[in-house]
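Shown next, in structure tokens, is the structure this report addresses.
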Amino acid sequence: MASINGGWSLSTSSLRPKIRVPRLNPRFACKCAVRESIMEPEVARTTEPLLLHAVRGGKVERPPVWLMRQAGRYMKAGLSTFSLLMLKEAFHSYQKICEKYPSFRQRSENVDLVVEISLQPWNVFKPDGVILFSDILTPLPGMNIPFDIVKGKGPIIDLPVRTAADVENVVEFFPEEAVPYVGEALRILRSEVKNEAAVLGFVGAPFTLASYVVEGGSSKHFSKIKRLAFSEPKVLHALLKKFASSMAKYIQYQADHGAEAVQIFDSWATELSPADFEEFSLPYLKQIVDTVKQTHPSLPLILYASGSGGLLERLPLTGVDVVSLDWTVDMAEGRRRLGSDIAVQGNVDPGVLFGSKEFITKRILDTVAKAGNSKHILNLGHGIVVGTPEENVAHFFEVAKSIRY
């Protein structure tokens, strides 16, 4: 049997004595209680949030945990069997916000709403990461690219960027002028959360942003951006350079206003072959990381690229501190392929949250065992799916925060 990080064995029999979880059956010992919110035992804390300490390789007693899309967007079903009052309040609060402000941009560009929605999961679950409620396309208007997010359709860019002249019209992004509400929201979140959790910002990667603005929105085949890449690569490179410069500046801005770590989403880079990834994505991710590290050397940068199994060895070449794995990569295999120097995040299948509590527990423990006891952030392999039972999200946090290495 291979051991992974810190002498962990993949043997099921050796796993259970080292991990304590809530009492789901007589084999498990209860170490946390669920009252009005997810609680955990009092333990000695470092001066920095657990998530940051884990990323930097510090000794931790459990993996830090947060979930992509952990804010109220997934809350849809009723709470017939779940009595957590704060979760009910968060559910109804988010629904009321959506009714009053039906546009996603209305909700994500208003300081008070951004703070309220970002804090809803914090108030209920106490995750180790509190991520800003926003969108990767938020900077686009500040770059002279109007967009909207239409319910049922997703992002819509009415004036796609497809020619050299179009790229010329894309302007430099100045976040303090274009998105001051982001900085103010991060400042408030930091003051609310303090050192109990890490405040997380995020940005879109250059190729992913370019995919949206060239395609005019979401796409299945990415034919328009690939046509541009393979027929007029200079035009695409010019656009990617503008996005790389602007996103580096956006990360610096977020860090200056309270973000303690920033996740870079390159959702569509995995539509590229390895060779094309090395031309159209990797250099620009590296440019962002290099630029940010010059001014913020200790800021952890997380890279998430959905479906990245075929590109895994190339992701650390960007210089990021953490690679977030989706669920199509076995965590133990991902650890081996990435190497021991880089932290990992993930990677429970979001669909697992539709299973039984026993099944959810089993998958969490399997992921944690394979990740090892160092440099691991427990998360899903993608965002929470709409319609996920809220009580199962609560159970995920309950189990995760009860784990002890």
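In the structure tokens, chains take letters A, B, ... by order of appearance, with residues numbered from 1 within each chain and ligands from 1 in the order shown.
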
Each segment 239-348 of chain A residue no farther than 9 Å from segment 50-64 of chain A, nearest pair in Å, only C-alpha atoms, as CSV:
```
residue,atom,partner,partner_atom,distance
A:Glu260,CA,A:Leu52,CA,7.9
A:Ala261,CA,A:Leu52,CA,7.8
A:Pro300,CA,A:Val55,CA,7.5
A:Asp321,CA,A:Val55,CA,7.5
A:Val322,CA,A:Val55,CA,7.3
A:Ile342,CA,A:Val55,CA,8.4
A:Ala343,CA,A:Val55,CA,5.9
A:Val344,CA,A:Val55,CA,8.3
```

DSSP-assigned alpha helix (DSSP H) among segment 57-234 of chain A, expressed as a ChimeraX atom specification: /A:85-100,104-108,111-125,164-168,175-178,180-193,206-215,223-231,233-234

Find the nearest atom pair between each residue of segment 156-271 of chain A and segment 325-341 of chain A for residues within 12 Å, count only C-alpha atoms, give distances in Å to one decimal, sort rows by chain and ascending number, and present the table as a tab-separated table.
```
residue	atom	partner	partner_atom	distance
A:Phe265	CA	A:Leu325	CA	11.7
A:Ser267	CA	A:Asp326	CA	10.9
A:Thr270	CA	A:Asp326	CA	11.7
```

Given the selection you just returned, output its residues as a file containing N, CA, C and O atoms, formatted as a tab-separated table (two decimals), in the first residue's frame.
```tsv
chain	number	residue	atom	x	y	z
A	265	PHE	N	-10.44	31.28	-11.80
A	265	PHE	CA	-11.26	30.30	-12.49
A	265	PHE	C	-10.90	30.27	-13.97
A	265	PHE	O	-11.10	31.26	-14.69
A	267	SER	N	-12.28	28.12	-16.30
A	267	SER	CA	-13.30	27.10	-16.55
A	267	SER	C	-13.22	26.50	-17.95
A	267	SER	O	-13.52	25.31	-18.14
A	270	THR	N	-9.81	23.99	-20.34
A	270	THR	CA	-9.73	22.56	-20.60
A	270	THR	C	-10.42	22.18	-21.92
A	270	THR	O	-10.45	21.01	-22.28
```

DSSP strand (DSSP E or B) selection over segment 100-310 of chain A, as a PyMOL selection string: chain A and resi 129-131+148-150+154-156+198-204+217+261-265+301-304

Can you write just those residues out, N, CA and C atoms, as a PDB file, in the first residue's frame?
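Final file, out_5.pdb:
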```
ATOM      1  N   GLY A 129     -13.542  29.265   4.681  1.00  0.00           N
ATOM      2  CA  GLY A 129     -13.366  30.274   3.650  1.00  0.00           C
ATOM      3  C   GLY A 129     -14.688  30.954   3.363  1.00  0.00           C
ATOM      4  N   VAL A 130     -14.683  32.282   3.346  1.00  0.00           N
ATOM      5  CA  VAL A 130     -15.891  33.052   3.017  1.00  0.00           C
ATOM      6  C   VAL A 130     -15.602  33.772   1.701  1.00  0.00           C
ATOM      7  N   ILE A 131     -16.238  33.319   0.634  1.00  0.00           N
ATOM      8  CA  ILE A 131     -15.932  33.845  -0.690  1.00  0.00           C
ATOM      9  C   ILE A 131     -16.895  34.959  -1.070  1.00  0.00           C
ATOM     10  N   ASP A 148     -24.738  41.146 -19.737  1.00  0.00           N
ATOM     11  CA  ASP A 148     -25.812  40.920 -18.783  1.00  0.00           C
ATOM     12  C   ASP A 148     -25.882  39.425 -18.497  1.00  0.00           C
ATOM     13  N   ILE A 149     -26.496  39.073 -17.398  1.00  0.00           N
ATOM     14  CA  ILE A 149     -26.726  37.673 -17.056  1.00  0.00           C
ATOM     15  C   ILE A 149     -28.231  37.465 -17.048  1.00  0.00           C
ATOM     16  N   VAL A 150     -28.717  36.685 -18.004  1.00  0.00           N
ATOM     17  CA  VAL A 150     -30.145  36.475 -18.194  1.00  0.00           C
ATOM     18  C   VAL A 150     -30.540  35.141 -17.583  1.00  0.00           C
ATOM     19  N   GLY A 154     -27.914  32.553 -18.981  1.00  0.00           N
ATOM     20  CA  GLY A 154     -26.549  32.816 -18.554  1.00  0.00           C
ATOM     21  C   GLY A 154     -26.026  34.124 -19.101  1.00  0.00           C
ATOM     22  N   PRO A 155     -24.705  34.278 -19.174  1.00  0.00           N
ATOM     23  CA  PRO A 155     -24.111  35.544 -19.619  1.00  0.00           C
ATOM     24  C   PRO A 155     -24.410  35.825 -21.098  1.00  0.00           C
ATOM     25  N   ILE A 156     -24.705  37.075 -21.383  1.00  0.00           N
ATOM     26  CA  ILE A 156     -24.945  37.515 -22.755  1.00  0.00           C
ATOM     27  C   ILE A 156     -24.064  38.729 -23.037  1.00  0.00           C
ATOM     28  N   ALA A 198     -10.876  32.650   6.332  1.00  0.00           N
ATOM     29  CA  ALA A 198     -10.193  33.439   5.304  1.00  0.00           C
ATOM     30  C   ALA A 198     -11.225  34.038   4.360  1.00  0.00           C
ATOM     31  N   VAL A 199     -11.083  35.307   4.063  1.00  0.00           N
ATOM     32  CA  VAL A 199     -11.937  35.959   3.071  1.00  0.00           C
ATOM     33  C   VAL A 199     -11.324  35.702   1.696  1.00  0.00           C
ATOM     34  N   LEU A 200     -12.130  35.156   0.798  1.00  0.00           N
ATOM     35  CA  LEU A 200     -11.648  34.760  -0.516  1.00  0.00           C
ATOM     36  C   LEU A 200     -12.206  35.665  -1.605  1.00  0.00           C
ATOM     37  N   GLY A 201     -11.320  36.129  -2.469  1.00  0.00           N
ATOM     38  CA  GLY A 201     -11.746  36.812  -3.679  1.00  0.00           C
ATOM     39  C   GLY A 201     -11.592  35.877  -4.854  1.00  0.00           C
ATOM     40  N   PHE A 202     -11.995  36.328  -6.033  1.00  0.00           N
ATOM     41  CA  PHE A 202     -11.780  35.491  -7.219  1.00  0.00           C
ATOM     42  C   PHE A 202     -11.834  36.321  -8.485  1.00  0.00           C
ATOM     43  N   VAL A 203     -11.227  35.763  -9.537  1.00  0.00           N
ATOM     44  CA  VAL A 203     -11.233  36.398 -10.861  1.00  0.00           C
ATOM     45  C   VAL A 203     -11.358  35.307 -11.915  1.00  0.00           C
ATOM     46  N   GLY A 204     -11.681  35.735 -13.118  1.00  0.00           N
ATOM     47  CA  GLY A 204     -11.678  34.826 -14.254  1.00  0.00           C
ATOM     48  C   GLY A 204     -10.312  34.838 -14.918  1.00  0.00           C
ATOM     49  N   GLY A 217     -21.150  34.671 -25.120  1.00  0.00           N
ATOM     50  CA  GLY A 217     -21.822  34.054 -23.978  1.00  0.00           C
ATOM     51  C   GLY A 217     -21.269  32.661 -23.769  1.00  0.00           C
ATOM     52  N   ALA A 261      -6.961  35.331   0.161  1.00  0.00           N
ATOM     53  CA  ALA A 261      -6.575  34.371  -0.872  1.00  0.00           C
ATOM     54  C   ALA A 261      -7.491  34.653  -2.054  1.00  0.00           C
ATOM     55  N   VAL A 262      -7.037  34.338  -3.253  1.00  0.00           N
ATOM     56  CA  VAL A 262      -7.840  34.606  -4.449  1.00  0.00           C
ATOM     57  C   VAL A 262      -7.822  33.373  -5.348  1.00  0.00           C
ATOM     58  N   GLN A 263      -9.008  32.979  -5.801  1.00  0.00           N
ATOM     59  CA  GLN A 263      -9.122  31.838  -6.709  1.00  0.00           C
ATOM     60  C   GLN A 263      -9.270  32.344  -8.138  1.00  0.00           C
ATOM     61  N   ILE A 264      -8.505  31.732  -9.036  1.00  0.00           N
ATOM     62  CA  ILE A 264      -8.568  32.053 -10.463  1.00  0.00           C
ATOM     63  C   ILE A 264      -9.344  30.932 -11.147  1.00  0.00           C
ATOM     64  N   PHE A 265     -10.436  31.285 -11.801  1.00  0.00           N
ATOM     65  CA  PHE A 265     -11.263  30.299 -12.495  1.00  0.00           C
ATOM     66  C   PHE A 265     -10.897  30.272 -13.973  1.00  0.00           C
ATOM     67  N   LEU A 301      -2.687  31.937  -4.091  1.00  0.00           N
ATOM     68  CA  LEU A 301      -3.468  31.945  -5.330  1.00  0.00           C
ATOM     69  C   LEU A 301      -3.890  30.517  -5.643  1.00  0.00           C
ATOM     70  N   ILE A 302      -5.185  30.341  -5.878  1.00  0.00           N
ATOM     71  CA  ILE A 302      -5.772  29.026  -6.159  1.00  0.00           C
ATOM     72  C   ILE A 302      -6.198  29.001  -7.619  1.00  0.00           C
ATOM     73  N   LEU A 303      -5.874  27.934  -8.325  1.00  0.00           N
ATOM     74  CA  LEU A 303      -6.294  27.792  -9.720  1.00  0.00           C
ATOM     75  C   LEU A 303      -7.294  26.657  -9.833  1.00  0.00           C
ATOM     76  N   TYR A 304      -8.455  26.977 -10.403  1.00  0.00           N
ATOM     77  CA  TYR A 304      -9.463  25.944 -10.660  1.00  0.00           C
ATOM     78  C   TYR A 304      -9.754  25.889 -12.153  1.00  0.00           C
TER      79      TYR A 304
END
```

Pro127 of chain A environment, 10 Å, only C-alpha atoms, sequence neighbours closer than 2 positions dropped, as a PyMOL selection string: chain A and resi 38+51+64-67+70+121-125+129-131+196-198+397+400-401

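Separating atom CA of Tyr181 of chain A from atom CA of Asp290 of chain A is a distance of 26.3 Å.
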
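The smallest atom-to-atom distance between Arg105 of chain A and any of A:Ala238, A:Ile136, A:Leu299, A:Leu228, using only C-alpha atoms, is found for A:Ile136.
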
If you count only C-alpha atoms, which residues fall within 7 Å of Pro146 of chain A, apart from same-chain ones fewer than 3 positions away, as a PDB file with C-alpha atoms, in the first residue's frame?
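Generated file (result-v5.pdb):
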```
ATOM      1  CA  LEU A 140     -16.166  43.501 -18.223  1.00  0.00           C
ATOM      2  CA  PRO A 141     -18.118  46.803 -18.223  1.00  0.00           C
ATOM      3  CA  ILE A 157     -22.402  39.768 -24.496  1.00  0.00           C
TER       4      ILE A 157
END
```

Gap from atom CA of Ala305 of chain A to atom CA of Ala205 of chain A - Å, one decimal: 9.4 Å

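Ranking A:Ser246, A:Gln106, A:Thr138, A:Ser219 by their shortest atom-to-atom distance to Val171 of chain A, with only C-alpha atoms included, puts A:Ser246 first.
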
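The coordinates place atom CA of Ala178 of chain A at 15.7 Å from atom CA of Lys242 of chain A.
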
Spatial neighbours of Lys226 of chain A, max dist 10 Å, only C-alpha atoms, sep filter under 2 positions, as a ChimeraX atom specification: /A:211,214-215,221-224,228-233,236,271-272,276
